[in-house]
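Below is one structure, written out as structure tokens; the observations come after it.
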Amino acid sequence: MKNYDFKTIEKKWQEKWVNEHSFRAVDFHPTKPKYYVLYEFFNISGNLHMGHLKGTVPADALARMKRFQGYNVLFPIGGDSFGLPAENAAIKKGINPHKFVEDGAKKAFDQSKQLGLSFDWDRTFCTSDPNYYKWTQWIFLQLYKHGKAYKKEGVVNFCPNCKTVLSNEDSQGGKCDRCGGDVVQRKRWVWYLKMREYSEKLLDNIDKIDMAENLKEAQRNWIGKSEGMQVGFDLFAESGRKLGKVNIFTTCIETIYGVTFVVLAPENDLIDNYAGEIKNWKEIEDYRKKTALRSEFDRLSDQKVKTGCKVEGIYVKNPVNNAKVPLYLADFVLAGYGTGAVMAVPAHDQRDFDFAKTFNIPVIQVIEGDCKDKAVEKKEYLSANSKMLNSAEFDGLPVKEAKQKIADKIIAMGAGEKKINYKMQDWPFNRQRYWGEPFPVVFCDHCGTVLLDEKDLPLVLPETDDYLPNEDGDSPLSKVTDWVNCKCPKCGRLARRETDTMPNWAGSSWYWLRYIDPHNDKALADFEKLKYWGSVDCYTGGTEHITRHVLYAFFWQNFLYEIGAVPTREPFKRKMGSGLILDDQGKKMSKSSTNGVSPLEFIDKYGADAARLHVHFLGGYEDNTPWTYDGITGITSFLDKVWALQNMIKGDEVSQEHRFELNKLVKKVTEDLEDLKLNTSIAALMTFIKKVRDDKFITKQELRAFLILLNPMAPHITSEIFEKVFGTQILDESWPKYDEKFLVADTITLPIQVNGKMTKKLVKVAKDVSQEQLLKEIEKQYPDIYNSTMTLKKVIYVPNRIVNLIK
RNA sequence: GCUGGUGUGGCGGAAUGGUAGACGCACGGGACUUAAAAUCCCGAGUUCGAAAGGACGUGUGGGUUCAAGUCCCACCAUCAGCACCA
């Protein structure tokens, strides 16, 4: 027998799989049930990295197992290509982004083939393909037509370096997700998608999906649902003339008698109508200018130092007691959350307390506790259920009861109502960039905002060689004047196209639907096919997109469902978040890591099967695992032993000696692969091979089962051995089954406990032995532990597991 | 600060409430070899003991149970997400 020559063998099978379209999914398969496995598509950049080896292989293993189990499996791949890498290559090296994407996608797909990934190669596409983004644009048209897209001047996160608008999701921590620079707040005309309307539906999606709790929490946290009250504080001129109303949002209505000031976000334009009444308008304008220039990062980092500006000349009244309350602007109040205005209760909110100290505002305590040096906050007084003070008729009531009663009173007065707020904002949906989907929208002086007709899609991105935004931060498309200037689709007069493009998240917000019918030019996908394939059964990929991509995906699928474009509301039934490969610093492995290793280098050295097994033997799918080549010899020697099984065949049917071990193995691998636990599957396969080698033989049927069980993880070597031994193709086989009655060995070595303590004594008995028989056996072997002259208080006997003698 | 996760040998990591440390690496001993590599066999939680055997062991302290790494309570450490969200 020749040694296992992975280079030749792996290449042979990879070519065969591609040439024969071995993993093509069949629409409307007459007999097989469907199973849809999805791996997050590749961000088209450079070579695949270790993260891909970690992320893709378990999905591939699941897909391969499901095929053996008789499912019609859809396991597709594509490219997220309207991204930063292509754009940067264009800007920095003058590479045409189309060319960059074409090369990058080819590279990613070729490298996937070298890993032996069983993707359906007939369904690939990239988000920058016009035939794909035609439908991304189509979805935008639907969003607009259904009132879910609107353009307005808003205060947005803006990156001065990238000269573009960012969503909250893209500017977490006040840093630009694209370049890492500081984000500032700027007023701009922005396309928004009404994602906030979908908050409850998204929360519902989160409840239904099968996903790790920490990821669900991250998403819920992001949506940030909070229940409280909205209360109106009437606004007066110094003369006492009523001007209007300031609505505030609070979750602590019980503290309303302690309000000593009200604060508006600097961007809140409510008071602009009363500029004439305000005595320090100039000061207010200065303050507004100052805060606008402060970066988001500054605002977050100086949380202790409160800045603000009193509004002189007008005041508000507390509805519960008509107390006169001064009004301030301060940037600790966010324009985008709630009403952009808060009632401040320094005694019971630390931020208000800090602000009150800085501006010498009085403090009124309304709940028991010591608030001399700090506020007594909600958490503290609610857990103690403290009593009310200085709150008129509510004095002396426990705070929980008072909360309810004060709310009732305010509602009865008509001064306020119960209200639910969400942190999640509408999605700012435009970027001032070249490399993205153009909006199918023109602006006409006569007709206003006009949509392109669906039959005129795709609106193709024009060619240019100037990929930079201009100084005002307008998109590079604005410089392509013969594209910008167009005819209004409605009146035919001269009009201008929208020159911003969609964010790179647009294309990834519906791509799993397109795999179902990637070449359809009549619809985003055929409705019957969508019905057939349904929701993705298992979606794998990184966890870094959990508050962006996955929430956007929920949003779009919900919308498409509501307009009847797709048959299901839930895009994914189950989401598994791939852990990271860590470098020697304990950080995510990257090319700059001191021990950064590329999967190609690994494959070249040890082969794809070894690479697949090694990375997944290091740890579970959702765990971060430190990278090391240590232990690779364990994997290569395992594969050598697998190869050597060909020479150990003796007999045909499953042998008496291996029946129990094999049944156990089938159960273990079947269950573990379903959970993407490749590490324990591999361990079980190693244990079995040890047994076989001890016994120096394996039967044909045992080998058949073993190869099929290993195939999802090491597809090349198993395909080769199978073909050599059986003369047929392993892919035509079906998954081995186990029999419950063989899951317990015929002879059990039972541990004995005395009074709940392990004795380290073991007794050999037949499977399912009776308690009576067992005690006789113990007496025979260990008369000092038990003999019939002893009286036992109790015997706890768990058949085939343990016996505990209580003396 | 809030929320969620995780704490097990020298290392990566296993354990439906039932023999803790599977499987693998590294390590020690042996076989083969002129030698090395490769391969194969054996050993191995810590500790006392020549051995038989004993004691102690899953971050810490309590609890539930015949039995706890696993369940409950409190605390500590660590990782991650969010964070002036009213």
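Chain labels follow the order of the structure tokens: the first chain is A, the next B, and so on; residue numbering restarts at 1 in every chain, and ligands are counted from 1 in their shown order.
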> Got a sec: who's within 7 Å of segment 527-541 of chain A, counting only C-alpha atoms (C1' of nucleotides), leaving out chain neighbours fewer than 3 positions off, as a count of residues only?
Replying inline: 24
> Which residues, written as a list of chain:residue names, have at least one atom at most 9 Å from Val460 of chain A, with only C-alpha atoms (C1' of nucleotides) counted and residues fewer than 6 positions away on the same chain left out?
Replying inline: A:Pro130, A:Tyr133, A:Lys134, A:Glu437, A:Pro438
Any chance you can output those residues with all heavy atoms as a compact mmCIF listing (two decimals), in the first residue's frame?
```txt
# COMPACT_ATOMS: atom_id res chain seq x y z
N PRO A 130 -24.48 43.64 -11.19
CA PRO A 130 -25.70 44.41 -11.50
C PRO A 130 -26.97 43.56 -11.44
O PRO A 130 -28.02 44.04 -11.03
CB PRO A 130 -25.44 44.92 -12.91
CG PRO A 130 -23.95 44.98 -13.02
CD PRO A 130 -23.43 43.84 -12.20
N TYR A 133 -27.65 43.60 -7.68
CA TYR A 133 -28.05 44.85 -7.03
C TYR A 133 -29.27 45.48 -7.70
O TYR A 133 -29.90 46.34 -7.11
CB TYR A 133 -26.88 45.81 -6.82
CG TYR A 133 -26.24 46.52 -7.99
CD1 TYR A 133 -26.91 47.53 -8.69
CD2 TYR A 133 -24.91 46.26 -8.33
CE1 TYR A 133 -26.29 48.23 -9.71
CE2 TYR A 133 -24.28 46.96 -9.36
CZ TYR A 133 -24.98 47.95 -10.05
OH TYR A 133 -24.36 48.64 -11.05
N LYS A 134 -29.60 44.99 -8.87
CA LYS A 134 -30.90 45.35 -9.45
C LYS A 134 -32.00 45.09 -8.41
O LYS A 134 -32.90 45.90 -8.22
CB LYS A 134 -31.16 44.49 -10.69
CG LYS A 134 -32.58 44.50 -11.17
CD LYS A 134 -32.76 43.64 -12.41
CE LYS A 134 -34.24 43.60 -12.80
NZ LYS A 134 -34.46 42.85 -14.05
N GLU A 437 -24.41 50.53 -4.13
CA GLU A 437 -25.57 50.52 -5.01
C GLU A 437 -26.07 51.95 -5.19
O GLU A 437 -26.37 52.62 -4.21
CB GLU A 437 -26.72 49.70 -4.42
CG GLU A 437 -26.42 48.23 -4.19
CD GLU A 437 -25.77 47.94 -2.84
OE1 GLU A 437 -25.35 48.90 -2.17
OE2 GLU A 437 -25.69 46.76 -2.46
N PRO A 438 -26.22 52.44 -6.45
CA PRO A 438 -26.83 53.75 -6.65
C PRO A 438 -28.31 53.69 -6.27
O PRO A 438 -28.94 52.65 -6.43
CB PRO A 438 -26.69 54.01 -8.15
CG PRO A 438 -25.72 53.00 -8.65
CD PRO A 438 -25.78 51.84 -7.71
```
Please report as a compact mmCIF listing (two decimals) with N, CA, C and O atoms (P, O5', C5', C4', C3', O3' and C1' of nucleotides), in the first residue's frame which residues of chain B come no farther than 8 Å from chain A, using only C-alpha atoms (C1' of nucleotides).
```
# COMPACT_ATOMS: atom_id res chain seq x y z
P U B 3 -27.42 43.96 35.86
O5' U B 3 -27.33 43.30 34.41
C5' U B 3 -28.43 43.39 33.51
C4' U B 3 -28.03 42.82 32.18
C3' U B 3 -27.43 41.42 32.22
O3' U B 3 -28.42 40.42 32.33
C1' U B 3 -26.10 42.78 30.84
P G B 4 -28.05 39.03 33.04
O5' G B 4 -27.13 38.32 31.95
C5' G B 4 -27.73 37.79 30.78
C4' G B 4 -26.64 37.38 29.81
C3' G B 4 -25.69 36.30 30.30
O3' G B 4 -26.25 35.01 30.24
C1' G B 4 -24.45 38.02 29.28
P G B 5 -25.67 33.86 31.21
O5' G B 5 -24.24 33.54 30.58
C5' G B 5 -24.14 32.95 29.29
C4' G B 5 -22.70 32.96 28.85
C3' G B 5 -21.74 32.11 29.67
O3' G B 5 -21.84 30.75 29.35
C1' G B 5 -20.75 34.19 29.19
P G B 12 -4.77 25.97 28.15
O5' G B 12 -5.25 25.22 26.83
C5' G B 12 -4.89 25.76 25.56
C4' G B 12 -5.48 24.90 24.48
C3' G B 12 -6.95 24.57 24.66
O3' G B 12 -7.76 25.66 24.25
C1' G B 12 -5.78 22.61 24.07
P G B 13 -9.19 25.87 24.90
O5' G B 13 -9.91 24.54 24.44
C5' G B 13 -10.93 23.95 25.24
C4' G B 13 -10.90 22.47 24.95
C3' G B 13 -11.98 21.67 25.63
O3' G B 13 -13.09 21.60 24.75
C1' G B 13 -9.89 20.72 26.14
P A B 14 -14.54 21.40 25.30
O5' A B 14 -14.64 19.83 25.28
C5' A B 14 -14.47 19.17 26.48
C4' A B 14 -14.66 17.73 26.22
C3' A B 14 -15.89 17.21 26.94
O3' A B 14 -16.96 17.16 26.02
C1' A B 14 -13.96 16.11 27.74
P G B 18 -24.48 12.64 35.88
O5' G B 18 -23.79 11.47 36.70
C5' G B 18 -22.66 11.76 37.50
C4' G B 18 -22.21 10.50 38.19
C3' G B 18 -22.09 9.29 37.26
O3' G B 18 -21.02 8.49 37.71
C1' G B 18 -23.66 8.84 38.96
P U B 19 -19.59 8.67 37.01
O5' U B 19 -18.77 7.55 37.77
C5' U B 19 -18.60 7.61 39.18
C4' U B 19 -17.15 7.34 39.49
C3' U B 19 -16.15 8.28 38.78
O3' U B 19 -15.05 8.48 39.65
C1' U B 19 -15.69 6.06 38.21
P A B 22 -8.15 11.66 30.43
O5' A B 22 -8.94 10.83 29.34
C5' A B 22 -9.92 9.88 29.74
C4' A B 22 -11.02 9.83 28.71
C3' A B 22 -10.57 9.89 27.25
O3' A B 22 -10.20 8.60 26.78
C1' A B 22 -12.32 11.43 27.58
P C B 23 -8.83 8.32 26.12
O5' C B 23 -8.80 9.36 24.92
C5' C B 23 -9.58 9.15 23.75
C4' C B 23 -9.46 10.32 22.82
C3' C B 23 -8.02 10.81 22.59
O3' C B 23 -7.36 10.02 21.62
C1' C B 23 -9.38 12.66 23.08
P G B 24 -5.84 9.71 21.80
O5' G B 24 -5.16 11.15 21.58
C5' G B 24 -5.12 11.70 20.28
C4' G B 24 -4.73 13.15 20.35
C3' G B 24 -3.34 13.46 20.90
O3' G B 24 -2.32 13.16 19.97
C1' G B 24 -4.89 15.00 21.75
P C B 25 -0.86 12.87 20.50
O5' C B 25 -0.35 14.32 20.93
C5' C B 25 -0.14 15.31 19.94
C4' C B 25 0.21 16.62 20.60
C3' C B 25 1.50 16.62 21.39
O3' C B 25 2.62 16.79 20.54
C1' C B 25 -0.21 17.67 22.65
P C B 66 -30.91 12.34 50.62
O5' C B 66 -29.56 11.54 50.34
C5' C B 66 -28.96 10.79 51.38
C4' C B 66 -27.86 9.94 50.80
C3' C B 66 -26.89 10.68 49.88
O3' C B 66 -25.89 11.33 50.61
C1' C B 66 -27.58 8.67 48.85
P A B 67 -25.45 12.76 50.22
O5' A B 67 -24.81 12.52 48.78
C5' A B 67 -23.56 11.83 48.69
C4' A B 67 -23.20 11.63 47.25
C3' A B 67 -23.15 12.90 46.41
O3' A B 67 -21.91 13.54 46.58
C1' A B 67 -24.33 11.23 45.24
P G B 81 -16.48 43.29 22.41
O5' G B 81 -18.04 43.51 22.64
C5' G B 81 -18.98 42.93 21.74
C4' G B 81 -20.37 43.19 22.26
C3' G B 81 -20.70 44.64 22.54
O3' G B 81 -21.04 45.36 21.37
C1' G B 81 -21.38 43.33 24.36
P C B 82 -20.69 46.92 21.29
O5' C B 82 -21.68 47.55 22.36
C5' C B 82 -23.09 47.54 22.12
C4' C B 82 -23.81 48.00 23.34
C3' C B 82 -23.46 49.39 23.84
O3' C B 82 -24.03 50.41 23.06
C1' C B 82 -23.55 47.92 25.66
P C B 84 -23.01 56.77 26.55
O5' C B 84 -23.65 57.58 27.77
C5' C B 84 -23.70 57.00 29.06
C4' C B 84 -24.44 57.95 29.96
C3' C B 84 -25.77 58.43 29.37
O3' C B 84 -26.78 58.43 30.37
C1' C B 84 -24.42 60.26 29.93
P C B 85 -27.48 57.03 30.85
O5' C B 85 -28.53 56.82 29.67
C5' C B 85 -29.73 57.60 29.62
C4' C B 85 -30.78 56.80 28.88
C3' C B 85 -30.68 55.31 29.19
O3' C B 85 -31.85 54.76 29.65
C1' C B 85 -30.39 55.72 26.82
P A B 86 -32.89 54.42 30.12
O5' A B 86 -33.09 55.58 31.18
C5' A B 86 -34.31 56.24 31.23
C4' A B 86 -34.11 57.55 31.94
C3' A B 86 -35.28 58.51 31.78
O3' A B 86 -36.28 58.26 32.76
C1' A B 86 -33.31 59.64 31.23
```
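Interatomic distance, atom C1' of G1 of chain B to atom C1' of A83 of chain B: 7.9 Å.
Minimum atom-to-atom distances from A:Ile581, A:Gly240, A:Leu264, A:His348 to Tyr315 of chain A were compared using only C-alpha atoms, and the lowest value belongs to A:Gly240.
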> Hey, what does DSSP flag as strand (DSSP E) within segment 78-309 of chain A? Can you give it to me as number ranges by chain?
Replying inline: A: 79-80, 149-159, 164-166, 184-193, 225-237, 242-250, 261-264, 308-309
> Near Lys317 of chain A, counting only C-alpha atoms (C1' of nucleotides), which residues have an atom at most 9 Å away, once you skip same-chain residues fewer than 2 positions from it, shown as a PyMOL selection string?
Replying inline: chain A and resi 233-236+315+319-326
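Note that the spacing between atom CA of Asn800 of chain A and atom CA of Ala705 of chain A amounts to 26.4 Å.
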> So which one's closest to Lys208 of chain A, A:Gln230, A:Arg569, A:Tyr4, A:Leu397? Using only C-alpha atoms, please.
Replying inline: A:Arg569
> Residues at most 8 Å from segment 110-127 of chain A, counting only C-alpha atoms (C1' of nucleotides), excluding those fewer than 5 positions away in the same chain, as number ranges by chain?
Replying inline: A: 10-11, 14, 17-18, 21, 23-25, 47-48, 53, 56-57, 60, 63-64, 74-82, 105, 132-133, 507-508, 511, 515, 517-518, 600, 603, 608-609, 612, 715-716
>> Quick check for you: according to DSSP on this backbone, which residues of segment 352-498 of chain A are classed as alpha helix (DSSP H)? Reply as an NGL selection string.
In response: :A and (352-359 or 378-384 or 399-413 or 481-484)
>> Considering only C-alpha atoms (C1' of nucleotides), can you say which of B:G7, B:G53, B:G29, B:G43 comes closest to C76 of chain B?
In response: B:G7
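For the pair atom CA of Trp483 of chain A and atom CA of Thr501 of chain A, the separation is 13.7 Å.
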>> Under the rule that only C-alpha atoms are counted, which of A:Leu293, A:Ile95, A:Ala265, A:Ile748 is the nearest residue to Val183 of chain A?
In response: A:Leu293
> Could you name the residues that touch Ile91 of chain A at 10 Å or less, counting only C-alpha atoms (C1' of nucleotides), but leaving out those on the same chain fewer than 4 positions away, as number ranges by chain?
Replying inline: A: 85-87, 95-97, 465-468
Produce a file of the selected residues containing N, CA, C and O atoms, as an mmCIF file, in the first residue's frame.
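Final file, out.cif:
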```cif
data_model
loop_
_atom_site.group_PDB
_atom_site.id
_atom_site.type_symbol
_atom_site.label_atom_id
_atom_site.label_comp_id
_atom_site.auth_asym_id
_atom_site.auth_seq_id
_atom_site.Cartn_x
_atom_site.Cartn_y
_atom_site.Cartn_z
ATOM 1 N N PRO A 85 -12.698 47.151 1.069
ATOM 2 C CA PRO A 85 -11.450 46.718 0.428
ATOM 3 C C PRO A 85 -11.383 47.103 -1.053
ATOM 4 O O PRO A 85 -10.348 47.594 -1.513
ATOM 5 N N ALA A 86 -12.480 46.912 -1.767
ATOM 6 C CA ALA A 86 -12.469 47.242 -3.200
ATOM 7 C C ALA A 86 -12.321 48.751 -3.385
ATOM 8 O O ALA A 86 -11.577 49.223 -4.255
ATOM 9 N N GLU A 87 -13.027 49.491 -2.529
ATOM 10 C CA GLU A 87 -12.975 50.943 -2.651
ATOM 11 C C GLU A 87 -11.574 51.476 -2.324
ATOM 12 O O GLU A 87 -11.043 52.352 -3.015
ATOM 13 N N ILE A 95 -6.858 50.705 -8.723
ATOM 14 C CA ILE A 95 -7.389 49.468 -9.311
ATOM 15 C C ILE A 95 -8.891 49.632 -9.539
ATOM 16 O O ILE A 95 -9.605 50.100 -8.654
ATOM 17 N N ASN A 96 -9.358 49.248 -10.699
ATOM 18 C CA ASN A 96 -10.779 49.309 -10.962
ATOM 19 C C ASN A 96 -11.496 48.362 -10.005
ATOM 20 O O ASN A 96 -11.182 47.173 -9.925
ATOM 21 N N PRO A 97 -12.467 48.886 -9.251
ATOM 22 C CA PRO A 97 -13.096 48.029 -8.236
ATOM 23 C C PRO A 97 -13.800 46.801 -8.815
ATOM 24 O O PRO A 97 -13.851 45.762 -8.155
ATOM 25 N N ASP A 465 -12.772 57.403 -12.782
ATOM 26 C CA ASP A 465 -11.501 57.010 -12.173
ATOM 27 C C ASP A 465 -11.194 57.904 -10.975
ATOM 28 O O ASP A 465 -10.110 57.900 -10.441
ATOM 29 N N ASP A 466 -12.222 58.665 -10.572
ATOM 30 C CA ASP A 466 -12.060 59.542 -9.415
ATOM 31 C C ASP A 466 -12.974 59.032 -8.300
ATOM 32 O O ASP A 466 -14.182 59.206 -8.332
ATOM 33 N N TYR A 467 -12.358 58.352 -7.345
ATOM 34 C CA TYR A 467 -13.153 57.635 -6.348
ATOM 35 C C TYR A 467 -13.286 58.376 -5.025
ATOM 36 O O TYR A 467 -13.749 57.811 -4.044
ATOM 37 N N LEU A 468 -12.841 59.634 -4.993
ATOM 38 C CA LEU A 468 -12.861 60.357 -3.712
ATOM 39 C C LEU A 468 -14.045 61.312 -3.619
ATOM 40 O O LEU A 468 -14.418 61.950 -4.606
#
```
>> Residues near Asp426 of chain A, anyone? I mean within 8 Å using only C-alpha atoms (C1' of nucleotides), not counting same-chain ones fewer than 3 positions away, as an MDAnalysis selection string.
In response: chainID A and resid 192:196
Can I get the selected residues back with C-alpha atoms, as a PDB file, in the first residue's frame?
```
ATOM      1  CA  TYR A 192     -33.384  56.706   6.596  1.00  0.00           C
ATOM      2  CA  LEU A 193     -35.087  53.334   6.712  1.00  0.00           C
ATOM      3  CA  LYS A 194     -37.778  53.025   9.334  1.00  0.00           C
ATOM      4  CA  MET A 195     -36.162  50.269  11.270  1.00  0.00           C
ATOM      5  CA  ARG A 196     -37.367  51.552  14.619  1.00  0.00           C
TER       6      ARG A 196
END
```
